[in-house]
Amino acid sequence: MPIYALTAGLLFAVGLYGVLGRSELLHRLLGTNLMASAIFLYLVVIAADGAGEPDPVPQAMVLTGIVIAVSLTAFGLILIRYFHALGTRRTLEEEEDPDG
Amino acid sequence: MADPAGVVLWAGAALVFGPLLGAVVVYLLPGRRFEARLCLALSAAALVPLAGLSATVFVHGVQEFTFGGHATPLGIAFSVDGLALAMLWLTGLVMFACHLYVTGWLPGESGFRAGEFRALVLLLWGGLNALFCSADLFNLYVTLEIVSLIGVALVVFARGAGALRAALRYLLFALTGSLFYLLGVALIYADTGVLSFAELRAAAPAGGTAAIALAAMTAGLAVKAALFPVHAWLPPAHAAAPSPASALLSALVAKAAAYLLIRLWLGPFAALGGPGLLQGLGAVGLAGIVYASVQALRQTRLKGVIAYSTVAQLGYFLLLLPMASLAAWQGVAYHGLSHGLAKAALFLAAGNLIRVAGSDRLEDLGRAEPLLGSSLLAMALAGVSLAGLPPSGGFVGKWWLIQAALESGQWWWAAGIAAGGLLGAAYVFRVLRHALSNAPAPAQPGTLTAGMVWSPVLLAVAAFVLGFTGNILAPLLAVGAPGSGS
C-alpha cells in the first residue's frame, strides 16, 4: 500500500512547512499536529502490512502517541492564549529587549 | 546479598514511580511546610534505591529487566549500566539541591505557586529516571515528551511576555524534534519489527531505511539537546526560566537528549556509523563548543553566559563518537556528571546574585559582592570545573577525553578540547571579574535564606570533589561501556 505511505510522507512535509515556514503561532502548532498525524498514519500502514492479523504493536504506539499529541497540543494552545492575552502580537519575532 | 534481579526491579520501580506518586501527593495536598519536607525526604530517600542499584551493577554488571513480567515488545525494557547510574545519581543530587533552594526562594516571589512548581519538579525527576534507564525506542519517546513538556512548563513559571515567548519557541522546537525522533522509531519498526535495544542489537539494522531512521532520530535529538547549529531556542529559554528551573533544564533536561544520542550511536546503531560520518559528527560538536563559547563571551547578562555555556558543554558529548574507546566513554560520563553539578551550582548561585544585586546585567553584579561570599565561592568552584581546570570533575572528564584522543592518534580532538577549556576559562573569569568589581551595594539588597545560600555551595563542592574521585568511579562508569564485553 505505497499510496498510504506516500500520503504520510506528504503530510509530514506539509506539517514541517507549517512549523518552519509560517510565523503565526497557531499555524505552527497545527503543523506539529499534521506531522504527528502523518507518523500515526504511517504506523497504521505498517500494522496492516502483510497478510493475516494486523500487528498490535504499532497500534499501541499510535494510541500512546495520540494521548501525548493531545496533551501537548492542549498545553501549547494555553500558552498561545496567554501570549495573545499579553499583547496583540501573534508571532514570536523578536522585538527590542523585552525587559530592558 | 539479596537477589540481584529483585533489587534492580524494586530500585527501578522506586526511582520512577516514587517521584511520580510524590508529585500527585504534593499537588493534591498543598501546604508549604509539608511540601518542602516531603520533597526533601523523597530526594534523600532516593539514596537507598540508588545505592542498591549501584552495588548490583558494580558486582553483577549491566542489569536488563522488564516491568511486570511482560516480555518485549509490549513490555518496557530497562537497562542500567555505569553511564545510566552516573546520570541517575546526578539527577538525584541536583533535585535535592533544587528543593533545598526552592524552600528558601519561594516566599519572596509573588504569584509563585510553590506546590505546583515542586509537583512539576518531581514529575521531571520520575521522567528523567525513566529516560536514563529505558532501553526501548518507543518508551524513550514517551519519556522524552514527559521531560520536554515539564521543561516548557518550568520556563513559564517566570511570568511575563519574555518568558512566554521563550517557552513557546522551546515548545515548538521540542515538539518538532520529538516528531523527527518518532518518525525514526516508526521507520525502524517498519524495517526490523523490534524496538528494544537488545533485540535491535541482534537485528543489527544496516540498510537504507535504518540509515534514514537514524538520521531522523539524530536530527530530532540534536534539536532537543540544543546542539549547534540547532541550539537557538536554548539560551533564551534557560535564561528566562526561574533560576532553580534553569538549573534543572541546563544540568539535566538538555543533557538527557545528548545522552540518548550517544546511546543510539554507540548501542543498537553502532554498525551504521562509518569513520567519516563519526568524524563529521565530532566536528559538529567541536564547532558548537567554539561557537557557543564565543557567544558566551559576548553576553551582557549573567544567565545568558551560563546558558550559552550549556550549548558549548553539550558539544563534548558528540566528541565521544569519533573516539569511542573506554577512556573516551568514561571521560564523557565524567564530563556529564561534573558539568551537571557545576551548571546547576552556577544557575543557583546566579539566582542569588541576581536577587541581591537586583539585576542580571554583568556590570551590576559587583553590587552583590560584599554580601555574597559563599555564592561567589560556589560560582568560582563551579567555574573552575566548567573550564576544566584541575583539580575538579571537569578537569578529570576532559583529561580522559584528551587521553583517548591521543591514544587513538586523533590529536585534533585533543587540541579542540584544550581550546574549548581555554574559552571556558575566559567566559568564567569574565563573569568573576565583574562579580568581584566592588561596586557600591544596592540600597535595598534582596534577602536570601540558608537553603538558597548553601545549595549552590553543596553542588559546587560536589563538582570539585569529583576531581579527586576519578580512579574510584572509573570502574563503575566502565560497566556496560561499548566494546567492554559486558
# chains A, B, ... in the order shown; residues from 1 in each chain; ligands from 1
call {"tool": "interface_residues", "arguments": {"of": "chain A", "to": "chain B", "cutoff": "7 Å", "atoms": "only C-alpha atoms", "output": "list in words"}}
result
Thr32, Met35, Ala36, Ile39, Leu43, Ile46, Val57, Leu79, Phe83, Leu86, Leu92 and Pro98 of chain A
call {"tool": "atom_distance", "arguments": {"atom1": "CA of Arg201 (chain B)", "atom2": "CA of Ala270 (chain B)"}}
result
8.7 Å
call {"tool": "select_by_dssp", "arguments": {"residues": "region 38-71 of chain A", "states": "alpha helix (DSSP H)", "output": "list in words"}}
result
Ala38, Ile39, Phe40, Leu41, Tyr42, Leu43, Val44, Val45, Ile46, Ala47, Ala48, Pro56, Val57, Pro58, Gln59, Ala60, Met61, Val62, Leu63, Thr64, Gly65, Ile66, Val67, Ile68, Ala69, Val70 and Ser71 of chain A
call {"tool": "write_last_selection", "arguments": {"atoms": "N, CA and C atoms", "output": "mmCIF file, in the first residue's frame"}}
result
data_model
loop_
_atom_site.group_PDB
_atom_site.id
_atom_site.type_symbol
_atom_site.label_atom_id
_atom_site.label_comp_id
_atom_site.auth_asym_id
_atom_site.auth_seq_id
_atom_site.Cartn_x
_atom_site.Cartn_y
_atom_site.Cartn_z
ATOM 1 N N ALA A 38 0.780 12.349 10.424
ATOM 2 C CA ALA A 38 1.460 11.640 9.343
ATOM 3 C C ALA A 38 2.147 10.393 9.880
ATOM 4 N N ILE A 39 2.821 10.546 11.033
ATOM 5 C CA ILE A 39 3.518 9.385 11.595
ATOM 6 C C ILE A 39 2.508 8.332 12.050
ATOM 7 N N PHE A 40 1.396 8.783 12.630
ATOM 8 C CA PHE A 40 0.382 7.814 13.066
ATOM 9 C C PHE A 40 -0.152 7.044 11.860
ATOM 10 N N LEU A 41 -0.408 7.762 10.773
ATOM 11 C CA LEU A 41 -0.896 7.097 9.562
ATOM 12 C C LEU A 41 0.101 6.040 9.100
ATOM 13 N N TYR A 42 1.377 6.435 9.104
ATOM 14 C CA TYR A 42 2.407 5.507 8.664
ATOM 15 C C TYR A 42 2.449 4.269 9.565
ATOM 16 N N LEU A 43 2.291 4.483 10.879
ATOM 17 C CA LEU A 43 2.323 3.346 11.805
ATOM 18 C C LEU A 43 1.151 2.407 11.552
ATOM 19 N N VAL A 44 -0.023 2.983 11.259
ATOM 20 C CA VAL A 44 -1.177 2.133 10.971
ATOM 21 C C VAL A 44 -0.940 1.340 9.683
ATOM 22 N N VAL A 45 -0.275 1.990 8.718
ATOM 23 C CA VAL A 45 0.055 1.285 7.472
ATOM 24 C C VAL A 45 0.982 0.111 7.761
ATOM 25 N N ILE A 46 1.978 0.349 8.602
ATOM 26 C CA ILE A 46 2.892 -0.749 8.953
ATOM 27 C C ILE A 46 2.107 -1.886 9.592
ATOM 28 N N ALA A 47 1.180 -1.536 10.494
ATOM 29 C CA ALA A 47 0.437 -2.553 11.231
ATOM 30 C C ALA A 47 -0.366 -3.419 10.281
ATOM 31 N N ALA A 48 -0.922 -2.805 9.233
ATOM 32 C CA ALA A 48 -1.790 -3.544 8.326
ATOM 33 C C ALA A 48 -1.009 -4.247 7.227
ATOM 34 N N PRO A 56 -0.378 -5.642 16.512
ATOM 35 C CA PRO A 56 -0.903 -4.717 17.534
ATOM 36 C C PRO A 56 0.100 -3.681 18.029
ATOM 37 N N VAL A 57 1.415 -3.938 17.866
ATOM 38 C CA VAL A 57 2.396 -3.034 18.480
ATOM 39 C C VAL A 57 2.330 -1.611 17.907
ATOM 40 N N PRO A 58 2.321 -1.439 16.567
ATOM 41 C CA PRO A 58 2.213 -0.068 16.067
ATOM 42 C C PRO A 58 0.898 0.595 16.468
ATOM 43 N N GLN A 59 -0.148 -0.203 16.603
ATOM 44 C CA GLN A 59 -1.430 0.382 17.019
ATOM 45 C C GLN A 59 -1.341 0.897 18.448
ATOM 46 N N ALA A 60 -0.643 0.130 19.304
ATOM 47 C CA ALA A 60 -0.440 0.605 20.674
ATOM 48 C C ALA A 60 0.383 1.888 20.662
ATOM 49 N N MET A 61 1.363 1.963 19.761
ATOM 50 C CA MET A 61 2.183 3.172 19.663
ATOM 51 C C MET A 61 1.332 4.356 19.232
ATOM 52 N N VAL A 62 0.423 4.129 18.274
ATOM 53 C CA VAL A 62 -0.424 5.231 17.809
ATOM 54 C C VAL A 62 -1.301 5.732 18.947
ATOM 55 N N LEU A 63 -1.894 4.797 19.707
ATOM 56 C CA LEU A 63 -2.777 5.209 20.808
ATOM 57 C C LEU A 63 -1.999 6.057 21.824
ATOM 58 N N THR A 64 -0.810 5.558 22.202
ATOM 59 C CA THR A 64 0.008 6.328 23.143
ATOM 60 C C THR A 64 0.370 7.677 22.541
ATOM 61 N N GLY A 65 0.723 7.640 21.249
ATOM 62 C CA GLY A 65 1.129 8.878 20.579
ATOM 63 C C GLY A 65 0.010 9.897 20.537
ATOM 64 N N ILE A 66 -1.217 9.426 20.334
ATOM 65 C CA ILE A 66 -2.348 10.357 20.285
ATOM 66 C C ILE A 66 -2.530 11.037 21.632
ATOM 67 N N VAL A 67 -2.417 10.241 22.711
ATOM 68 C CA VAL A 67 -2.557 10.824 24.048
ATOM 69 C C VAL A 67 -1.525 11.932 24.248
ATOM 70 N N ILE A 68 -0.283 11.635 23.849
ATOM 71 C CA ILE A 68 0.788 12.620 24.026
ATOM 72 C C ILE A 68 0.510 13.843 23.157
ATOM 73 N N ALA A 69 0.101 13.612 21.901
ATOM 74 C CA ALA A 69 -0.129 14.739 20.991
ATOM 75 C C ALA A 69 -1.251 15.631 21.500
ATOM 76 N N VAL A 70 -2.318 15.007 22.021
ATOM 77 C CA VAL A 70 -3.438 15.803 22.543
ATOM 78 C C VAL A 70 -2.981 16.660 23.724
ATOM 79 N N SER A 71 -2.224 16.040 24.657
ATOM 80 C CA SER A 71 -1.795 16.803 25.834
ATOM 81 C C SER A 71 -0.899 17.961 25.426
#
call {"tool": "atom_distance", "arguments": {"atom1": "CA of Arg298 (chain B)", "atom2": "CA of Ala226 (chain B)"}}
result
18.9 Å
call {"tool": "residues_around", "arguments": {"residues": "Ala418 (chain B)", "least_positions_apart": "4", "cutoff": "8 Å", "atoms": "only C-alpha atoms", "output": "list in words"}}
result
Ile402, Ala414 and Leu422 of chain B
call {"tool": "select_by_dssp", "arguments": {"residues": "region 49-279 of chain B", "states": "strand (DSSP E)", "output": "list of chain:residue names"}}
result
B:Gln63, B:Glu64, B:Phe65, B:Thr66, B:Ala77, B:Phe78, B:Ser79, B:Val80
call {"tool": "write_last_selection", "arguments": {"atoms": "C-alpha atoms", "output": "short mmCIF file (atom, residue, chain, number, x, y, z; two decimals), in the first residue's frame"}}
result
data_model
loop_
_atom_site.label_atom_id
_atom_site.label_comp_id
_atom_site.auth_asym_id
_atom_site.auth_seq_id
_atom_site.Cartn_x
_atom_site.Cartn_y
_atom_site.Cartn_z
CA GLN B 63 21.21 -5.08 34.58
CA GLU B 64 18.47 -5.58 32.00
CA PHE B 65 14.88 -6.22 33.02
CA THR B 66 11.26 -5.64 32.03
CA ALA B 77 12.71 -2.86 28.72
CA PHE B 78 15.02 -1.19 31.25
CA SER B 79 18.77 -1.39 31.21
CA VAL B 80 21.10 0.09 33.82
#
call {"tool": "residues_around", "arguments": {"residues": "Gly470 (chain B)", "least_positions_apart": "5", "cutoff": "9 Å", "atoms": "only C-alpha atoms", "output": "PyMOL selection string"}}
result
chain B and resi 334+393+396-397
call {"tool": "atom_distance", "arguments": {"atom1": "CA of Phe67 (chain B)", "atom2": "CA of Ala13 (chain B)"}}
result
8.2 Å
call {"tool": "residues_around", "arguments": {"residues": "Leu252 (chain B)", "least_positions_apart": "5", "cutoff": "9 Å", "atoms": "only C-alpha atoms", "output": "PyMOL selection string"}}
result
chain B and resi 87+90-91+94+128+247+340+344
call {"tool": "residues_around", "arguments": {"residues": "Glu24 (chain A)", "least_positions_apart": "3", "cutoff": "10 Å", "atoms": "only C-alpha atoms", "output": "list in words"}}
result
Gly18, Val19, Gly21, His27, Arg28, Leu29, Arg89, Arg90, Thr91, Leu92 and Glu93 of chain A
call {"tool": "residues_around", "arguments": {"residues": "Ser375 (chain B)", "least_positions_apart": "3", "cutoff": "6 Å", "atoms": "only C-alpha atoms", "output": "list in words"}}
result
Ala349, Leu372 and Ala378 of chain B
call {"tool": "decode", "arguments": {"residues": "chain A", "atoms": "C-alpha atoms", "output": "PDB file, in the first residue's frame"}}
result
ATOM      1  CA  MET A   1       0.000   0.000   0.000  1.00  0.00           C
ATOM      2  CA  PRO A   2       2.578   2.570  -1.023  1.00  0.00           C
ATOM      3  CA  ILE A   3      -0.131   5.185  -1.633  1.00  0.00           C
ATOM      4  CA  TYR A   4      -0.753   5.458   2.144  1.00  0.00           C
ATOM      5  CA  ALA A   5       2.932   5.656   2.973  1.00  0.00           C
ATOM      6  CA  LEU A   6       3.354   8.362   0.321  1.00  0.00           C
ATOM      7  CA  THR A   7       0.400  10.276   1.751  1.00  0.00           C
ATOM      8  CA  ALA A   8       2.032  10.047   5.162  1.00  0.00           C
ATOM      9  CA  GLY A   9       5.280  11.405   3.753  1.00  0.00           C
ATOM     10  CA  LEU A  10       3.491  14.276   2.046  1.00  0.00           C
ATOM     11  CA  LEU A  11       1.552  15.129   5.231  1.00  0.00           C
ATOM     12  CA  PHE A  12       4.772  15.137   7.223  1.00  0.00           C
ATOM     13  CA  ALA A  13       6.344  17.554   4.751  1.00  0.00           C
ATOM     14  CA  VAL A  14       3.297  19.839   4.812  1.00  0.00           C
ATOM     15  CA  GLY A  15       3.358  19.816   8.618  1.00  0.00           C
ATOM     16  CA  LEU A  16       7.068  20.606   8.679  1.00  0.00           C
ATOM     17  CA  TYR A  17       6.475  23.516   6.314  1.00  0.00           C
ATOM     18  CA  GLY A  18       3.740  24.722   8.682  1.00  0.00           C
ATOM     19  CA  VAL A  19       6.132  24.692  11.646  1.00  0.00           C
ATOM     20  CA  LEU A  20       9.129  26.248   9.943  1.00  0.00           C
ATOM     21  CA  GLY A  21       7.660  28.250   7.099  1.00  0.00           C
ATOM     22  CA  ARG A  22       4.795  30.040   8.813  1.00  0.00           C
ATOM     23  CA  SER A  23       5.076  32.587  11.568  1.00  0.00           C
ATOM     24  CA  GLU A  24       1.585  32.663  13.074  1.00  0.00           C
ATOM     25  CA  LEU A  25       1.759  30.590  16.263  1.00  0.00           C
ATOM     26  CA  LEU A  26      -1.453  28.647  15.729  1.00  0.00           C
ATOM     27  CA  HIS A  27      -0.281  27.594  12.261  1.00  0.00           C
ATOM     28  CA  ARG A  28       2.968  26.361  13.687  1.00  0.00           C
ATOM     29  CA  LEU A  29       1.240  24.317  16.400  1.00  0.00           C
ATOM     30  CA  LEU A  30      -1.137  22.821  13.827  1.00  0.00           C
ATOM     31  CA  GLY A  31       1.922  21.995  11.741  1.00  0.00           C
ATOM     32  CA  THR A  32       3.246  19.787  14.535  1.00  0.00           C
ATOM     33  CA  ASN A  33      -0.188  18.173  14.675  1.00  0.00           C
ATOM     34  CA  LEU A  34      -0.013  17.331  10.995  1.00  0.00           C
ATOM     35  CA  MET A  35       3.463  15.863  11.421  1.00  0.00           C
ATOM     36  CA  ALA A  36       2.190  13.679  14.251  1.00  0.00           C
ATOM     37  CA  SER A  37      -0.832  12.536  12.229  1.00  0.00           C
ATOM     38  CA  ALA A  38       1.460  11.640   9.343  1.00  0.00           C
ATOM     39  CA  ILE A  39       3.518   9.385  11.595  1.00  0.00           C
ATOM     40  CA  PHE A  40       0.382   7.814  13.066  1.00  0.00           C
ATOM     41  CA  LEU A  41      -0.896   7.097   9.562  1.00  0.00           C
ATOM     42  CA  TYR A  42       2.407   5.507   8.664  1.00  0.00           C
ATOM     43  CA  LEU A  43       2.323   3.346  11.805  1.00  0.00           C
ATOM     44  CA  VAL A  44      -1.177   2.133  10.971  1.00  0.00           C
ATOM     45  CA  VAL A  45       0.055   1.285   7.472  1.00  0.00           C
ATOM     46  CA  ILE A  46       2.892  -0.749   8.953  1.00  0.00           C
ATOM     47  CA  ALA A  47       0.437  -2.553  11.231  1.00  0.00           C
ATOM     48  CA  ALA A  48      -1.790  -3.544   8.326  1.00  0.00           C
ATOM     49  CA  ASP A  49       1.094  -4.546   6.084  1.00  0.00           C
ATOM     50  CA  GLY A  50       1.313  -8.195   5.137  1.00  0.00           C
ATOM     51  CA  ALA A  51      -1.301 -10.911   5.323  1.00  0.00           C
ATOM     52  CA  GLY A  52      -3.349 -12.048   8.315  1.00  0.00           C
ATOM     53  CA  GLU A  53      -3.945 -10.294  11.617  1.00  0.00           C
ATOM     54  CA  PRO A  54      -2.708  -6.692  11.929  1.00  0.00           C
ATOM     55  CA  ASP A  55       0.295  -6.166  14.191  1.00  0.00           C
ATOM     56  CA  PRO A  56      -0.903  -4.717  17.534  1.00  0.00           C
ATOM     57  CA  VAL A  57       2.396  -3.034  18.480  1.00  0.00           C
ATOM     58  CA  PRO A  58       2.213  -0.068  16.067  1.00  0.00           C
ATOM     59  CA  GLN A  59      -1.430   0.382  17.019  1.00  0.00           C
ATOM     60  CA  ALA A  60      -0.440   0.605  20.674  1.00  0.00           C
ATOM     61  CA  MET A  61       2.183   3.172  19.663  1.00  0.00           C
ATOM     62  CA  VAL A  62      -0.424   5.231  17.809  1.00  0.00           C
ATOM     63  CA  LEU A  63      -2.777   5.209  20.808  1.00  0.00           C
ATOM     64  CA  THR A  64       0.008   6.328  23.143  1.00  0.00           C
ATOM     65  CA  GLY A  65       1.129   8.878  20.579  1.00  0.00           C
ATOM     66  CA  ILE A  66      -2.348  10.357  20.285  1.00  0.00           C
ATOM     67  CA  VAL A  67      -2.557  10.824  24.048  1.00  0.00           C
ATOM     68  CA  ILE A  68       0.788  12.620  24.026  1.00  0.00           C
ATOM     69  CA  ALA A  69      -0.129  14.739  20.991  1.00  0.00           C
ATOM     70  CA  VAL A  70      -3.438  15.803  22.543  1.00  0.00           C
ATOM     71  CA  SER A  71      -1.795  16.803  25.834  1.00  0.00           C
ATOM     72  CA  LEU A  72       0.997  18.742  24.158  1.00  0.00           C
ATOM     73  CA  THR A  73      -1.434  20.489  21.815  1.00  0.00           C
ATOM     74  CA  ALA A  74      -3.664  21.488  24.710  1.00  0.00           C
ATOM     75  CA  PHE A  75      -0.658  22.825  26.604  1.00  0.00           C
ATOM     76  CA  GLY A  76       0.576  24.683  23.524  1.00  0.00           C
ATOM     77  CA  LEU A  77      -2.860  26.221  22.948  1.00  0.00           C
ATOM     78  CA  ILE A  78      -2.976  27.502  26.533  1.00  0.00           C
ATOM     79  CA  LEU A  79       0.461  29.070  26.144  1.00  0.00           C
ATOM     80  CA  ILE A  80      -0.612  30.697  22.870  1.00  0.00           C
ATOM     81  CA  ARG A  81      -3.743  32.080  24.518  1.00  0.00           C
ATOM     82  CA  TYR A  82      -1.685  33.621  27.314  1.00  0.00           C
ATOM     83  CA  PHE A  83       0.695  35.023  24.756  1.00  0.00           C
ATOM     84  CA  HIS A  84      -2.137  36.626  22.811  1.00  0.00           C
ATOM     85  CA  ALA A  85      -3.655  37.948  26.039  1.00  0.00           C
ATOM     86  CA  LEU A  86      -0.394  39.747  26.855  1.00  0.00           C
ATOM     87  CA  GLY A  87      -0.471  41.794  23.667  1.00  0.00           C
ATOM     88  CA  THR A  88      -1.519  41.923  20.092  1.00  0.00           C
ATOM     89  CA  ARG A  89       1.465  40.026  18.747  1.00  0.00           C
ATOM     90  CA  ARG A  90       0.702  36.689  17.127  1.00  0.00           C
ATOM     91  CA  THR A  91       4.241  35.634  16.188  1.00  0.00           C
ATOM     92  CA  LEU A  92       7.498  35.054  18.007  1.00  0.00           C
ATOM     93  CA  GLU A  93       9.507  37.609  16.008  1.00  0.00           C
ATOM     94  CA  GLU A  94      11.966  39.397  18.269  1.00  0.00           C
ATOM     95  CA  GLU A  95      11.175  42.896  19.367  1.00  0.00           C
ATOM     96  CA  GLU A  96      13.506  45.159  21.305  1.00  0.00           C
ATOM     97  CA  ASP A  97      14.901  43.773  24.529  1.00  0.00           C
ATOM     98  CA  PRO A  98      11.656  42.852  26.338  1.00  0.00           C
ATOM     99  CA  ASP A  99      12.699  43.716  29.877  1.00  0.00           C
ATOM    100  CA  GLY A 100      15.470  46.227  29.332  1.00  0.00           C
TER     101      GLY A 100
END
